[in-house]
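One file, target.tsv, is given below (TSV, C-alpha atoms).
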```tsv
chain	number	residue	atom	x	y	z
A	1	MET	CA	-1.26	-7.84	-0.47
A	2	THR	CA	-1.06	-4.05	-0.24
A	3	PHE	CA	-2.77	-1.44	1.90
A	4	HIS	CA	-3.12	2.28	1.41
A	5	GLY	CA	-1.92	3.48	4.79
A	6	ALA	CA	-3.96	5.98	6.74
A	7	GLY	CA	-6.43	5.01	9.39
A	8	SER	CA	-7.24	4.49	13.01
A	9	ALA	CA	-5.00	2.57	15.36
A	10	ASP	CA	-7.66	-0.08	16.03
A	11	ILE	CA	-8.01	-0.91	12.33
A	12	THR	CA	-4.24	-0.97	11.89
A	13	GLN	CA	-3.89	-3.34	14.85
A	14	GLY	CA	-6.66	-5.52	13.42
A	15	VAL	CA	-4.75	-5.79	10.15
A	16	ILE	CA	-1.51	-6.60	11.98
A	17	ASP	CA	-3.30	-9.30	14.00
A	18	ALA	CA	-5.08	-10.84	10.98
A	19	LEU	CA	-1.88	-10.96	8.94
A	20	ALA	CA	0.04	-12.48	11.87
A	21	ALA	CA	-2.62	-15.15	12.42
A	22	ALA	CA	-2.27	-16.17	8.76
A	23	ASP	CA	1.54	-15.90	8.78
A	24	ALA	CA	1.14	-13.37	5.97
A	25	LYS	CA	2.89	-10.11	5.10
A	26	ALA	CA	1.83	-6.97	3.27
A	27	THR	CA	3.22	-3.81	1.76
A	28	ILE	CA	1.74	-0.69	3.32
A	29	PHE	CA	1.77	2.49	1.24
A	30	ALA	CA	1.87	5.11	3.98
A	31	VAL	CA	0.36	8.56	3.53
A	32	GLY	CA	2.89	11.04	4.92
A	33	LEU	CA	0.37	13.15	6.82
A	34	TRP	CA	-0.82	9.99	8.61
A	35	VAL	CA	2.77	9.07	9.45
A	36	ALA	CA	3.38	12.56	10.84
A	37	ARG	CA	0.20	12.44	12.96
A	38	ASP	CA	0.66	8.90	14.30
A	39	PRO	CA	4.16	7.52	13.72
A	40	ALA	CA	3.51	4.69	16.18
A	41	GLN	CA	1.15	3.00	13.69
A	42	VAL	CA	3.67	2.87	10.85
A	43	ARG	CA	6.37	1.70	13.26
A	44	ALA	CA	4.06	-1.05	14.52
A	45	LEU	CA	3.47	-2.22	10.96
A	46	ARG	CA	7.18	-2.21	10.19
A	47	ASP	CA	8.02	-3.94	13.47
A	48	ALA	CA	5.48	-6.66	12.62
A	49	GLY	CA	7.51	-7.40	9.48
A	50	HIS	CA	5.48	-5.52	6.90
A	51	GLU	CA	7.06	-3.48	4.15
A	52	ILE	CA	6.45	0.28	4.11
A	53	GLY	CA	6.22	2.31	0.91
A	54	ASN	CA	5.49	5.92	-0.01
A	55	HIS	CA	1.93	7.01	-0.87
A	56	THR	CA	2.63	10.78	-1.07
A	57	TYR	CA	2.28	13.26	1.75
A	58	ASP	CA	-1.26	14.65	1.41
A	59	HIS	CA	-2.94	11.90	-0.67
A	60	LEU	CA	-3.94	14.27	-3.48
A	61	ASP	CA	-5.28	13.13	-6.86
A	62	MET	CA	-1.89	12.90	-8.55
A	63	LEU	CA	-3.15	12.71	-12.13
A	64	GLY	CA	-4.13	16.38	-11.93
A	65	LEU	CA	-0.86	17.64	-10.44
A	66	ASP	CA	1.81	19.64	-12.22
A	67	ALA	CA	5.40	18.35	-12.14
A	68	ALA	CA	6.52	20.51	-9.22
A	69	THR	CA	3.59	19.53	-7.01
A	70	ALA	CA	3.92	15.84	-7.88
A	71	HIS	CA	7.62	16.00	-7.01
A	72	ASP	CA	6.84	17.81	-3.73
A	73	GLN	CA	4.20	15.24	-2.70
A	74	ILE	CA	6.53	12.30	-3.31
A	75	ALA	CA	9.53	14.05	-1.70
A	76	ARG	CA	7.59	15.02	1.43
A	77	GLY	CA	6.26	11.46	1.76
A	78	GLN	CA	9.80	10.16	1.32
A	79	ASP	CA	11.17	12.58	3.93
A	80	ILE	CA	8.63	11.69	6.62
A	81	LEU	CA	9.21	7.97	6.09
A	82	ALA	CA	12.98	8.44	6.29
A	83	SER	CA	12.76	10.55	9.46
A	84	THR	CA	10.24	8.19	11.10
A	85	LEU	CA	11.64	4.81	10.04
A	86	GLY	CA	15.19	5.60	8.95
A	87	ASP	CA	14.31	4.50	5.41
A	88	PRO	CA	12.19	6.15	2.69
A	89	GLY	CA	10.93	2.80	1.43
A	90	TRP	CA	11.68	1.15	-1.89
A	91	TRP	CA	8.16	1.31	-3.35
A	92	PHE	CA	5.98	4.25	-4.41
A	93	ARG	CA	2.26	4.18	-5.23
A	94	PRO	CA	0.61	7.35	-6.56
A	95	SER	CA	-2.41	8.57	-4.63
A	96	GLY	CA	-5.87	9.17	-6.00
A	97	THR	CA	-5.35	6.95	-9.04
A	98	SER	CA	-4.86	3.31	-9.95
A	99	HIS	CA	-2.14	4.19	-12.47
A	100	SER	CA	0.63	6.69	-12.99
A	101	ASN	CA	1.37	9.09	-15.82
A	102	GLU	CA	4.59	10.48	-17.25
A	103	THR	CA	4.68	13.37	-14.75
A	104	ILE	CA	4.29	11.05	-11.77
A	105	ARG	CA	6.81	8.52	-13.09
A	106	ALA	CA	9.42	11.22	-13.77
A	107	ALA	CA	9.12	12.61	-10.25
A	108	ALA	CA	9.27	9.15	-8.68
A	109	VAL	CA	12.36	8.17	-10.66
A	110	GLU	CA	14.06	11.49	-9.89
A	111	LEU	CA	13.54	10.77	-6.19
A	112	GLY	CA	15.04	7.30	-6.46
A	113	TYR	CA	11.97	5.09	-6.71
A	114	GLY	CA	11.68	2.31	-9.24
A	115	PRO	CA	8.45	1.57	-11.07
A	116	CYS	CA	5.27	3.12	-9.66
A	117	VAL	CA	3.14	0.38	-8.12
A	118	SER	CA	-0.41	-0.22	-9.27
A	119	TYR	CA	-2.71	-3.18	-8.56
A	120	ASP	CA	-4.96	-5.59	-10.36
A	121	VAL	CA	-7.43	-6.43	-7.57
A	122	ASP	CA	-9.50	-3.57	-6.18
A	123	PRO	CA	-12.54	-4.53	-4.08
A	124	GLU	CA	-13.24	-0.82	-3.56
A	125	ASP	CA	-13.20	-1.18	0.22
A	126	PHE	CA	-12.71	2.60	0.42
A	127	ARG	CA	-16.39	2.94	-0.58
A	128	ASP	CA	-17.34	0.94	2.55
A	129	PRO	CA	-19.50	-1.69	0.80
A	130	GLY	CA	-19.30	-4.02	3.80
A	131	ALA	CA	-16.95	-6.86	4.64
A	132	ALA	CA	-18.86	-9.50	2.64
A	133	LEU	CA	-18.49	-7.55	-0.62
A	134	VAL	CA	-14.86	-6.72	0.10
A	135	ALA	CA	-14.16	-10.42	0.58
A	136	SER	CA	-16.16	-11.66	-2.42
A	137	ARG	CA	-14.71	-9.05	-4.78
A	138	THR	CA	-11.18	-9.78	-3.63
A	139	LEU	CA	-11.54	-13.54	-3.87
A	140	ALA	CA	-13.25	-13.39	-7.27
A	141	ALA	CA	-10.27	-11.55	-8.77
A	142	ALA	CA	-7.20	-12.67	-6.81
A	143	GLN	CA	-4.85	-15.18	-8.37
A	144	ALA	CA	-1.15	-16.02	-8.11
A	145	GLY	CA	0.85	-12.84	-8.67
A	146	SER	CA	-2.05	-10.46	-8.06
A	147	ILE	CA	-1.51	-7.18	-6.26
A	148	VAL	CA	-4.51	-6.58	-4.02
A	149	SER	CA	-5.36	-3.02	-2.97
A	150	LEU	CA	-6.99	-2.57	0.44
A	151	HIS	CA	-7.20	0.42	2.81
A	152	LEU	CA	-6.30	0.72	6.49
A	153	GLY	CA	-8.89	3.43	7.06
A	154	HIS	CA	-11.96	1.32	6.34
A	155	PRO	CA	-13.39	-1.29	8.72
A	156	GLY	CA	-14.70	-3.59	5.99
A	157	ALA	CA	-11.15	-4.44	4.96
A	158	VAL	CA	-10.04	-5.54	8.42
A	159	THR	CA	-13.26	-7.48	9.02
A	160	ALA	CA	-12.93	-9.27	5.66
A	161	LEU	CA	-9.20	-9.93	5.94
A	162	PRO	CA	-9.21	-13.18	7.98
A	163	GLY	CA	-11.65	-14.82	5.54
A	164	ILE	CA	-9.75	-13.54	2.53
A	165	LEU	CA	-6.45	-14.87	3.87
A	166	SER	CA	-7.88	-18.28	4.83
A	167	THR	CA	-9.59	-18.74	1.45
A	168	LEU	CA	-6.43	-17.74	-0.37
A	169	ALA	CA	-4.51	-20.28	1.72
A	170	GLU	CA	-7.03	-22.97	0.76
A	171	ARG	CA	-6.22	-22.12	-2.86
A	172	GLY	CA	-2.50	-22.46	-2.17
A	173	LEU	CA	-1.89	-18.70	-2.16
A	174	LYS	CA	-0.30	-16.56	0.51
A	175	ALA	CA	-0.18	-12.80	1.04
A	176	VAL	CA	3.38	-11.50	0.73
A	177	THR	CA	5.14	-8.17	0.39
A	178	LEU	CA	5.83	-6.72	-3.05
A	179	THR	CA	9.53	-7.36	-2.61
A	180	THR	CA	8.86	-11.05	-1.97
A	181	LEU	CA	6.41	-11.28	-4.85
A	182	LEU	CA	8.79	-9.68	-7.32
A	183	ARG	CA	11.91	-11.36	-5.99
A	184	ASP	CA	10.29	-14.64	-6.93
A	185	SER	CA	9.36	-13.32	-10.43
A	186	PRO	CA	12.29	-13.29	-12.87
A	187	GLY	CA	13.17	-10.01	-14.55
A	188	HIS	CA	11.56	-7.66	-12.04
A	189	PRO	CA	13.53	-5.02	-10.09
A	190	THR	CA	13.66	-5.45	-6.33
A	191	PRO	CA	15.62	-3.78	-3.56
```

Could you take the file, read its structure, and then write that structure out as structure tokens?
Amino acid sequence: MTFHGAGSADITQGVIDALAAADAKATIFAVGLWVARDPAQVRALRDAGHEIGNHTYDHLDMLGLDAATAHDQIARGQDILASTLGDPGWWFRPSGTSHSNETIRAAAVELGYGPCVSYDVDPEDFRDPGAALVASRTLAAAQAGSIVSLHLGHPGAVTALPGILSTLAERGLKAVTLTTLLRDSPGHPTP
């Protein structure tokens, strides 16, 4: 389970509460500007046992960036995480795209990140289709080993989350951090 991190404190707390109620964990890809504006939210997520990763500083569409700007976005996101949490995070997810390109990957590797993280389940909660569609889309696609992409800044995700987590549990699945998911998968790099 992953979240793109930028949103209001009430949604963030709702996600923390829903994950705690299901004894589940997530990886949060924090947008640096959000971390700078409200460091308490990212600390609350970390303190609740969730993993924090880098999602650039300004959340620009990375596929259109030149090498210097891509590097700057990742570095600034890394710096704000390190100054706020004492750690720049192990994981990096490019913003504005579901996949990386050579420019993005080169910048991420140069800054010490491993593979850029994508996802295979995208209920498009960022389009605010409503909690019922977020839940049905997620549950229709999620399977063991899936990486689900949700967003902290959209209320449909937090409203749908308890039902998603309980249905996944009924299927014998549990939301975990990327490190846990990959640690249990042979041949994948983990911190």

For this session: Skip A:Gly172 itself and residues of its chain fewer than 4 positions away, then list as a PyMOL selection string all residues within 9 Å of it, counting only C-alpha atoms.
Result: chain A and resi 144+167-168

So that I can see what lies close to A:Ser95, please list as a short mmCIF file (atom, residue, chain, number, x, y, z; two decimals) with C-alpha atoms, in the coordinates of the input the residues with an atom at most 9 Å from it, counting only C-alpha atoms and leaving out residues fewer than 6 positions away in the same chain.
```cif
data_model
loop_
_atom_site.label_atom_id
_atom_site.label_comp_id
_atom_site.auth_asym_id
_atom_site.auth_seq_id
_atom_site.Cartn_x
_atom_site.Cartn_y
_atom_site.Cartn_z
CA HIS A 4 -3.12 2.28 1.41
CA VAL A 31 0.36 8.56 3.53
CA HIS A 55 1.93 7.01 -0.87
CA THR A 56 2.63 10.78 -1.07
CA ASP A 58 -1.26 14.65 1.41
CA HIS A 59 -2.94 11.90 -0.67
CA LEU A 60 -3.94 14.27 -3.48
CA ASP A 61 -5.28 13.13 -6.86
CA MET A 62 -1.89 12.90 -8.55
CA LEU A 63 -3.15 12.71 -12.13
#
```

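Of the residues listed (A:Ala135, A:Tyr119, A:Ala140, A:Asp72), A:Asp72 shows the shortest atom-to-atom separation from A:Ala107; distances use only C-alpha atoms.
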
For this session: Would you mind listing what lies within 10 Å of A:Ala44 as a list in words, with all atoms listed in the file counted and same-chain residues fewer than 6 positions away left out?
Result: Ala9, Thr12, Gln13, Ile16 and His50 of chain A

Exercise. If we count all atoms listed in the file, what is near A:Phe29 at a cut-off of 9 Å, once residues fewer than 2 positions away on the same chain are taken out, given as JSON, numbers by chain?
Worked result: {"A": [2, 3, 4, 5, 6, 27, 31, 51, 52, 53, 54, 55, 56, 91, 92, 93]}

Exercise. By how many Å are atom CA of A:Cys116 and atom CA of A:Val15 apart?
Worked result: 23.9 Å

Exercise. When you draw a straight line from atom CA of A:Leu65 to atom CA of A:Thr179, how long is it in Å?
Worked result: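 Atom-to-atom, atom CA of A:Leu65 to atom CA of A:Thr179, that is 28.2 Å.
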
Exercise. Could you pull the residues within 8 Å of stretch 158-161 of chain A, counting all atoms listed in the file, minus those fewer than 2 positions along the same chain, as an MDAnalysis selection string?
Worked result: chainID A and resid 11 14:15 18:19 131:132 134:135 152 154:156 163:165

Find the smallest box with edges along x, y and z containing every listed atom of stretch 21-25 of chain A, then add 5 Å on each side and report centre and edge lengths in Å to one decimal, as JSON.
```
{"center_x": 0.1, "center_y": -13.1, "center_z": 8.8, "size_x": 15.5, "size_y": 16.1, "size_z": 17.3}
```

Exercise. Just how far from atom CA of A:Val148 is atom CA of A:Met1, in Å to one decimal?
Worked result: 5.0 Å

Exercise. Which is closer to A:Ala24 than all the others in A:Gly145, A:Pro123, A:Gly7, A:Gly49, using only C-alpha atoms?
Worked result: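 Using only C-alpha atoms, the shortest distance to A:Ala24 belongs to A:Gly49.
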
Seminar exercise, completed: For A:Gly96, the closest of A:Gly114, A:Ala48, A:Ala70, A:Ile80 counting only C-alpha atoms is A:Ala70

Seminar exercise, completed: Across A:Val117, A:Leu45, A:Ala40, A:Ala108, the smallest distance to A:Ala68, with only C-alpha atoms counted, is shown by A:Ala108

Problem set entry | Residue nearest A:Arg105 - candidates A:His71, A:Arg76, A:Arg37, A:His151, atoms counted: only C-alpha atoms |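 Checking each candidate against A:Arg105, we get A:His71 as the closest.
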
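The nearest approach to A:Ala22 among the residues A:Ala169, A:Thr180, A:Pro88, A:Leu81, with all atoms listed in the file taken into account, belongs to A:Ala169.
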